[in-house]
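First up is the structure itself, then whatever we jot down about it.
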Amino acid sequence: KRRTMVKLLIIDDDVTICDFLKSFFSKIGYDVSIANEGKQAVDIVREKRPEIILLDVKMPGFSGLEVLQEIKKIDNTSKVIMVSAVDEGIVIELAERYGATGYIIKPFSLERLEREVFRASPHKETYRKQIH
């Protein structure tokens, strides 16, 4: 039987990164949406309820941490993985406190990102139990 596609939202003000990741994750079977700034991201979360979200920390307008808080108010079940060049303890700590599932430092390997997304996927319950 065909499983329903997992909805993935990529939020980054860098359009090139968004396009690249959209193409990569679409090819391996995710239903991918893109947002380049916070307000647009929040609207997409409201409308589409993505199960997994990749969220950049540094963006114009709303910061990634502000967007994270808004997302969690709308849908507390979505798994948000922060992706950022910011490697500061306080930022990582706040992301965790606000409900982020993971934090990946840029530049990252595609394999690592794919593994984190796969691990956060809702149909991976059995896979997750084996790991933990």
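Just remember, in the structure tokens the first chain shown is A, the second B, etc., residues are 1-based per chain, and ligands are 1-based in the order shown.
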List the neighbours of region 21-35 of chain A out to 6 Å using only C-alpha atoms; skip same-chain residues closer than 5 positions along the sequence, and give me the result as a list in words.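 The neighbour list is Met5, Val6, Lys7, Leu8, Leu9, Ile10, Ile11, Gln40 and Ala41 of chain A.
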Serialized selection, N, CA and C atoms, as a JSON list (two decimals), in the first residue's frame:
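The file below, part-v4.json, is the result:
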[["chain", "number", "residue", "atom", "x", "y", "z"],
["A", 5, "MET", "N", 2.42, 10.87, 1.65],
["A", 5, "MET", "CA", 3.68, 11.59, 1.68],
["A", 5, "MET", "C", 3.78, 12.46, 2.92],
["A", 6, "VAL", "N", 4.94, 12.47, 3.51],
["A", 6, "VAL", "CA", 5.18, 13.32, 4.67],
["A", 6, "VAL", "C", 5.35, 14.75, 4.18],
["A", 7, "LYS", "N", 4.65, 15.69, 4.84],
["A", 7, "LYS", "CA", 4.75, 17.10, 4.46],
["A", 7, "LYS", "C", 5.93, 17.75, 5.17],
["A", 8, "LEU", "N", 6.81, 18.33, 4.36],
["A", 8, "LEU", "CA", 8.03, 18.96, 4.86],
["A", 8, "LEU", "C", 8.01, 20.43, 4.45],
["A", 9, "LEU", "N", 8.25, 21.32, 5.41],
["A", 9, "LEU", "CA", 8.33, 22.75, 5.12],
["A", 9, "LEU", "C", 9.76, 23.22, 5.36],
["A", 10, "ILE", "N", 10.33, 23.90, 4.36],
["A", 10, "ILE", "CA", 11.68, 24.44, 4.48],
["A", 10, "ILE", "C", 11.57, 25.95, 4.59],
["A", 11, "ILE", "N", 12.09, 26.51, 5.69],
["A", 11, "ILE", "CA", 12.01, 27.96, 5.92],
["A", 11, "ILE", "C", 13.43, 28.52, 5.97],
["A", 40, "GLN", "N", 5.13, 34.26, 6.10],
["A", 40, "GLN", "CA", 4.74, 33.29, 5.06],
["A", 40, "GLN", "C", 4.81, 31.87, 5.64],
["A", 41, "ALA", "N", 5.84, 31.59, 6.41],
["A", 41, "ALA", "CA", 6.03, 30.28, 7.03],
["A", 41, "ALA", "C", 4.86, 29.93, 7.95]]
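Between Ser63 (chain A) and the candidates A:Gly38, A:Pro50, A:Gly99, A:Gly89, the tightest atom-to-atom separation, counting only C-alpha atoms, involves A:Gly38.
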Could you give me, as a PyMOL selection string, the residues within 6 Å of region 12-20 of chain A, counting only C-alpha atoms and dropping anything in the same chain fewer than 3 positions from it? chain A and resi 23+36-37+56+59
Mind checking DSSP for region 72-123 of chain A and telling me the alpha helix (DSSP H) residues as a list in words? Lys72, Lys73, Ile74, Gly89, Ile90, Val91, Ile92, Glu93, Leu94, Ala95, Glu96, Arg97, Leu110, Glu111, Arg112, Leu113, Glu114, Arg115, Glu116, Val117, Phe118, Arg119 and Ala120 of chain A
So which bits of chain A end up strand (DSSP E or B) when you DSSP the backbone, as an NGL selection string? :A and (7-11 or 31-35 or 52-56 or 79-84 or 102-105)
Could those selected residues go to a file with N, CA, C and O atoms, as a short mmCIF file (atom, residue, chain, number, x, y, z; two decimals), in the first residue's frame?
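That gives us part_18.cif:
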data_model
loop_
_atom_site.label_atom_id
_atom_site.label_comp_id
_atom_site.auth_asym_id
_atom_site.auth_seq_id
_atom_site.Cartn_x
_atom_site.Cartn_y
_atom_site.Cartn_z
N LYS A 7 4.65 15.69 4.84
CA LYS A 7 4.75 17.10 4.46
C LYS A 7 5.93 17.75 5.17
O LYS A 7 6.04 17.71 6.39
N LEU A 8 6.81 18.33 4.36
CA LEU A 8 8.03 18.96 4.86
C LEU A 8 8.01 20.43 4.45
O LEU A 8 7.77 20.75 3.29
N LEU A 9 8.25 21.32 5.41
CA LEU A 9 8.33 22.75 5.12
C LEU A 9 9.76 23.22 5.36
O LEU A 9 10.33 22.96 6.42
N ILE A 10 10.33 23.90 4.36
CA ILE A 10 11.68 24.44 4.48
C ILE A 10 11.57 25.95 4.59
O ILE A 10 11.00 26.60 3.71
N ILE A 11 12.09 26.51 5.69
CA ILE A 11 12.01 27.96 5.92
C ILE A 11 13.43 28.52 5.97
O ILE A 11 14.19 28.25 6.90
N ASP A 31 6.56 15.67 0.42
CA ASP A 31 5.73 16.73 -0.15
C ASP A 31 6.27 18.04 0.42
O ASP A 31 6.03 18.37 1.58
N VAL A 32 7.04 18.77 -0.39
CA VAL A 32 7.83 19.90 0.12
C VAL A 32 7.22 21.26 -0.17
O VAL A 32 6.83 21.55 -1.30
N SER A 33 7.13 22.10 0.86
CA SER A 33 6.76 23.51 0.70
C SER A 33 7.95 24.36 1.12
O SER A 33 8.80 23.91 1.88
N ILE A 34 7.94 25.62 0.64
CA ILE A 34 9.05 26.53 0.93
C ILE A 34 8.50 27.86 1.43
O ILE A 34 7.47 28.34 0.95
N ALA A 35 9.18 28.45 2.40
CA ALA A 35 8.89 29.81 2.83
C ALA A 35 10.21 30.54 2.98
O ALA A 35 11.19 29.97 3.47
N ILE A 52 7.03 17.92 9.37
CA ILE A 52 8.43 18.25 9.66
C ILE A 52 8.76 19.61 9.07
O ILE A 52 8.36 19.94 7.96
N ILE A 53 9.52 20.40 9.84
CA ILE A 53 9.89 21.74 9.40
C ILE A 53 11.39 21.94 9.60
O ILE A 53 11.93 21.66 10.67
N LEU A 54 12.06 22.40 8.53
CA LEU A 54 13.47 22.80 8.64
C LEU A 54 13.47 24.32 8.73
O LEU A 54 12.96 25.00 7.84
N LEU A 55 14.01 24.86 9.80
CA LEU A 55 13.87 26.29 10.07
C LEU A 55 15.22 26.96 10.31
O LEU A 55 15.96 26.58 11.22
N ASP A 56 15.51 27.97 9.50
CA ASP A 56 16.73 28.75 9.64
C ASP A 56 16.58 29.68 10.85
O ASP A 56 15.48 30.16 11.13
N LYS A 79 7.40 18.53 14.00
CA LYS A 79 8.79 18.39 14.42
C LYS A 79 9.60 19.48 13.72
O LYS A 79 9.66 19.52 12.50
N VAL A 80 10.19 20.37 14.50
CA VAL A 80 10.95 21.48 13.93
C VAL A 80 12.44 21.25 14.16
O VAL A 80 12.90 21.13 15.29
N ILE A 81 13.17 21.18 13.04
CA ILE A 81 14.62 21.03 13.11
C ILE A 81 15.25 22.36 12.71
O ILE A 81 15.05 22.84 11.60
N MET A 82 15.97 22.97 13.63
CA MET A 82 16.63 24.24 13.35
C MET A 82 17.88 23.96 12.51
O MET A 82 18.62 23.01 12.78
N VAL A 83 18.08 24.79 11.48
CA VAL A 83 19.25 24.64 10.63
C VAL A 83 19.91 26.01 10.59
O VAL A 83 19.30 26.97 10.14
N SER A 84 21.14 26.12 11.10
CA SER A 84 21.71 27.45 11.23
C SER A 84 23.22 27.48 11.26
O SER A 84 23.86 26.52 11.69
N GLY A 102 15.51 19.23 16.86
CA GLY A 102 16.93 19.08 16.62
C GLY A 102 17.55 20.41 16.20
O GLY A 102 16.84 21.39 15.97
N TYR A 103 18.87 20.43 16.11
CA TYR A 103 19.59 21.65 15.72
C TYR A 103 20.80 21.23 14.90
O TYR A 103 21.68 20.52 15.39
N ILE A 104 20.80 21.63 13.64
CA ILE A 104 21.89 21.27 12.74
C ILE A 104 22.68 22.52 12.36
O ILE A 104 22.09 23.52 11.95
N ILE A 105 23.99 22.45 12.52
CA ILE A 105 24.85 23.60 12.22
C ILE A 105 25.22 23.60 10.73
O ILE A 105 25.62 22.58 10.19
#
Using only C-alpha atoms, which residues sit within 8 Å of region 91-98 of chain A once same-chain residues fewer than 5 positions away are excluded, as a list of chain:residue names?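 In the requested format, the answer is A:Leu65, A:Leu68, A:Gln69, A:Lys72, A:Met82, A:Val86, A:Tyr103.
Coordinates place CA of Val67 (chain A) at a distance of 11.8 Å from CA of Ile44 (chain A).
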Nearest to Ser78 (chain A), chosen from A:Glu51, A:Ala120, A:Arg46, A:Lys106, with only C-alpha atoms counted in the distances: A:Glu51
Between CA of Lys39 (chain A) and CA of Thr77 (chain A), what is the spacing in Å?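 So the answer is 19.5 Å.
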